[in-house]
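Q: Below is one structure. I have some questions about it.
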Amino acid sequence: GYVVGSIERHAGLSAEMARRLDLPVVSVEYRLAPENPWPAAPDDGEAAARWIAENGKAFEREFTGLVISGDSAGGNLTLVTALALRDRPAALPVLMQLPIYPATDRTKTYSSKKQFSKGYGLDISDDDEDFYAADPNSVRASPLLADLAGLPPTVLVTASLDPLRDQGRAYAAKLVEAGVPTTYFEASGNIHGFATYRKAIPSAQEDTVAFLALAQAMLAQVAENDNNEQSGRGDLKRE
């Protein structure tokens, strides 16, 4: 991500998410480095979320909230966008975030990066880091550095054979410490990018169905909590 990728490449995963979650999915073609270095990508992610929140009629829909999701670099942009909308809310609330094997911390080298940096779906090179030109100490590049309190309910996905695995684990743990409702799913024996390799890796489809079921359950819980809050407000008004 950040330097390669397209909405066409992720069309299959987007369609799977739409089917499993029964939600409209809007894919964002964010600008790529090196032609458009950081922070072009997080700028585009945030701008797209704000525009969608204000323009449901453009899709002939009446949106009531946002679910932000993405994989790999898009997983990082999911986290960064959710932080931005927490600090300066959009026209609609973020109901849930679903980061899939996200990059969360550019300030240190994790053991999983050393172990799986070659041949496991994501070959990380110094050139990629240089092309993206992100400030590793900014929360818009390393969201693990941010205060995570007040973020929306989260389903965070990692793969056990992924160089980004330990970053994802660390972010999930920090979410829990911050009191954010969090479900963590690790695809055992799978590699980075598995959700887009479902035709090539049989277990990838099973794992994708599994984490989308967890996301669906989280959304159902969010809806139930919202209904309970509305009922409570109604009781107060009657008194």
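Just so we're on the same page: first chain in the structure tokens is A, next is B, and so on; residues restart at 1 for each chain, and ligands are numbered from 1 in the order they show up.
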If we count only C-alpha atoms, what is near stretch 135-146 of chain A at a cut-off of 7 Å, once residues fewer than 5 positions away on the same chain are taken out, given as a list in words?
A: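 Surrounding residues, per the criterion: Pro42, Leu79, Val80, Thr104, Asp105, Arg106, Thr107 and Tyr171 of chain A.
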Q: Any chance you could export the current selection's C-alpha atoms as an mmCIF file, in the first residue's frame?
A:
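Below is the file again-v1.cif, written as the result:
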```
data_model
loop_
_atom_site.group_PDB
_atom_site.id
_atom_site.type_symbol
_atom_site.label_atom_id
_atom_site.label_comp_id
_atom_site.auth_asym_id
_atom_site.auth_seq_id
_atom_site.Cartn_x
_atom_site.Cartn_y
_atom_site.Cartn_z
ATOM 1 C CA PRO A 42 -4.452 10.222 5.266
ATOM 2 C CA LEU A 79 -7.082 4.018 12.299
ATOM 3 C CA VAL A 80 -5.851 7.485 11.368
ATOM 4 C CA THR A 104 0.325 1.080 13.439
ATOM 5 C CA ASP A 105 3.851 2.075 14.440
ATOM 6 C CA ARG A 106 6.781 3.321 12.352
ATOM 7 C CA THR A 107 8.985 4.187 15.321
ATOM 8 C CA TYR A 171 -2.809 -1.585 18.939
#
```
Q: Would you pick out the contacts of A:Tyr110 at 9 Å or less, using only C-alpha atoms, so that residues sharing its chain but fewer than 5 positions from it are not included, and give the list as an mmCIF file with C-alpha atoms, in the first residue's frame?
A:
```
data_model
loop_
_atom_site.group_PDB
_atom_site.id
_atom_site.type_symbol
_atom_site.label_atom_id
_atom_site.label_comp_id
_atom_site.auth_asym_id
_atom_site.auth_seq_id
_atom_site.Cartn_x
_atom_site.Cartn_y
_atom_site.Cartn_z
ATOM 1 C CA GLN A 115 10.682 -12.860 11.179
ATOM 2 C CA PRO A 163 5.405 -8.727 9.463
ATOM 3 C CA LEU A 164 2.783 -6.280 10.772
ATOM 4 C CA ARG A 165 1.298 -8.794 13.227
ATOM 5 C CA ASP A 166 2.929 -7.458 16.381
ATOM 6 C CA GLN A 167 1.967 -3.861 15.563
#
```
Q: Got a sec: who's within 9 Å of A:Gly74, counting only C-alpha atoms, leaving out chain neighbours fewer than 2 positions off, as a VMD selection string?
A: chain A and resid 1 to 2 45 69 to 72 76 to 79 99 to 100 102 to 103
Q: Using the selection just defined, write its residues with C-alpha atoms as a compact mmCIF listing (two decimals), in the first residue's frame.
A:
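Output file selection-v2.txt is given in full below:
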```txt
# COMPACT_ATOMS: atom_id res chain seq x y z
CA GLY A 1 0.00 0.00 0.00
CA TYR A 2 0.79 3.72 -0.05
CA GLY A 45 -9.04 9.12 3.73
CA SER A 69 -12.35 -0.24 7.14
CA GLY A 70 -9.27 -1.01 5.09
CA ASP A 71 -6.47 -3.52 4.84
CA SER A 72 -2.70 -3.11 5.13
CA ASN A 76 -3.47 2.30 8.87
CA LEU A 77 -5.67 4.88 7.15
CA THR A 78 -8.69 3.38 8.92
CA LEU A 79 -7.08 4.02 12.30
CA PRO A 99 -8.71 -2.34 10.43
CA ILE A 100 -7.34 -5.43 8.68
CA PRO A 102 -2.88 -2.51 9.78
CA ALA A 103 0.46 -0.73 10.10
```
Q: I need the residues in stretch 2-44 of chain A that are alpha helix (DSSP H) according to DSSP; give them as a list of chain:residue names.
A: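 The residues of stretch 2-44 of chain A classed as alpha helix (DSSP H) are A:Ala11, A:Gly12, A:Leu13, A:Ser14, A:Ala15, A:Glu16, A:Met17, A:Ala18, A:Arg19, A:Arg20, A:Leu21, A:Ala40, A:Ala41, A:Pro42, A:Asp43, A:Asp44.
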Q: Which neighbours of A:Asp87 fall inside 12 Å, counting only C-alpha atoms, when residues of the same chain fewer than 2 positions from it are skipped, and could you give them as a VMD selection string?
A: chain A and resid 46 80 to 85 89 to 90 93 to 94 146 to 152
Q: Write to file, as a PDB file, in the first residue's frame, the residues of the selection just made, with C-alpha atoms.
A:
```pdb
ATOM      1  CA  GLU A  46     -10.334  11.756   6.112  1.00  0.00           C
ATOM      2  CA  VAL A  80      -5.851   7.485  11.368  1.00  0.00           C
ATOM      3  CA  THR A  81      -9.247   8.498   9.982  1.00  0.00           C
ATOM      4  CA  ALA A  82     -11.065   7.242  13.073  1.00  0.00           C
ATOM      5  CA  LEU A  83      -8.733   9.304  15.257  1.00  0.00           C
ATOM      6  CA  ALA A  84      -9.348  12.401  13.136  1.00  0.00           C
ATOM      7  CA  LEU A  85     -13.128  11.985  13.294  1.00  0.00           C
ATOM      8  CA  PRO A  89     -16.481  14.723  14.358  1.00  0.00           C
ATOM      9  CA  ALA A  90     -17.999  14.373  10.901  1.00  0.00           C
ATOM     10  CA  PRO A  93     -20.829   9.203  13.870  1.00  0.00           C
ATOM     11  CA  VAL A  94     -18.316   6.438  13.281  1.00  0.00           C
ATOM     12  CA  ALA A 146      -2.025   8.422  20.003  1.00  0.00           C
ATOM     13  CA  ASP A 147      -4.374   8.501  22.967  1.00  0.00           C
ATOM     14  CA  LEU A 148      -6.951   5.889  21.949  1.00  0.00           C
ATOM     15  CA  ALA A 149      -9.680   6.738  24.449  1.00  0.00           C
ATOM     16  CA  GLY A 150     -13.043   7.543  22.915  1.00  0.00           C
ATOM     17  CA  LEU A 151     -12.526   5.635  19.675  1.00  0.00           C
ATOM     18  CA  PRO A 152     -15.433   3.670  18.188  1.00  0.00           C
TER      19      PRO A 152
END
```
Q: Go through A:Tyr30, A:Arg198, A:Leu175, A:Gly56 one by one, measure the shortest atom-to-atom distance of each to A:Asp44 using only C-alpha atoms, and give the residue with the smallest value.
A: A:Tyr30
Q: Could you produce a table of the residues of stretch 66-108 of chain A lying within 9 Å of stretch 202-226 of chain A, with the nearest pair of atoms per residue and their separation in Å rounded to one decimal, using only C-alpha atoms, ordered by chain and increasing residue number, as a tab-separated table?
A:
```
residue	atom	partner	partner_atom	distance
A:Leu95	CA	A:Val222	CA	7.1
A:Met96	CA	A:Leu219	CA	7.1
A:Gln97	CA	A:Ala215	CA	8.9
A:Leu98	CA	A:Ala215	CA	7.3
```
Q: Check stretch 46-149 of chain A with DSSP on the backbone and list each residue it calls strand (DSSP E or B), as a ChimeraX atom specification.
A: /A:66-71,94-100
Q: Name the closest residue to A:Ala178 among the candidates A:Gln230, A:Ser112, A:Thr154, A:Thr64; distances are taken between atoms, counting only C-alpha atoms.
A: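 Residue with the minimum atom-to-atom distance to A:Ala178: A:Thr154.
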Q: Write out as a list of chain:residue names the residues lying within 10 Å of A:Ile124, counting only C-alpha atoms and excluding same-chain residues fewer than 5 positions away.
A: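 Non-adjacent residues within range: A:Lys113, A:Lys114, A:Phe116, A:Ser117, A:Lys118, A:Gly119, A:Glu129, A:Pro163, A:Leu164.
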Q: Under the rule that only C-alpha atoms are counted, which of A:Ala15, A:Ala53, A:Val180, A:Val155 is the nearest residue to A:Gly65?
A: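 Nearest candidate to A:Gly65 out of A:Ala15, A:Ala53, A:Val180, A:Val155: A:Ala53.
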Q: So that I can see what lies close to stretch 182-187 of chain A, please list as JSON, numbers by chain the residues with an atom at most 6 Å from it, counting only C-alpha atoms and leaving out residues fewer than 5 positions away in the same chain.
A: {"A": [153, 154, 155, 156, 157, 158, 159, 160]}
Q: Create the file for the chosen residues now, containing C-alpha atoms and written as a CSV table (one decimal), in the first residue's frame.
A:
```csv
chain,number,residue,atom,x,y,z
A,153,PRO,CA,-15.9,-0.1,18.8
A,154,THR,CA,-13.3,-2.0,16.9
A,155,VAL,CA,-12.7,-5.3,15.2
A,156,LEU,CA,-9.0,-5.6,14.6
A,157,VAL,CA,-7.6,-8.3,12.3
A,158,THR,CA,-4.1,-9.7,12.0
A,159,ALA,CA,-2.4,-12.7,10.4
A,160,SER,CA,0.0,-14.9,12.3
```
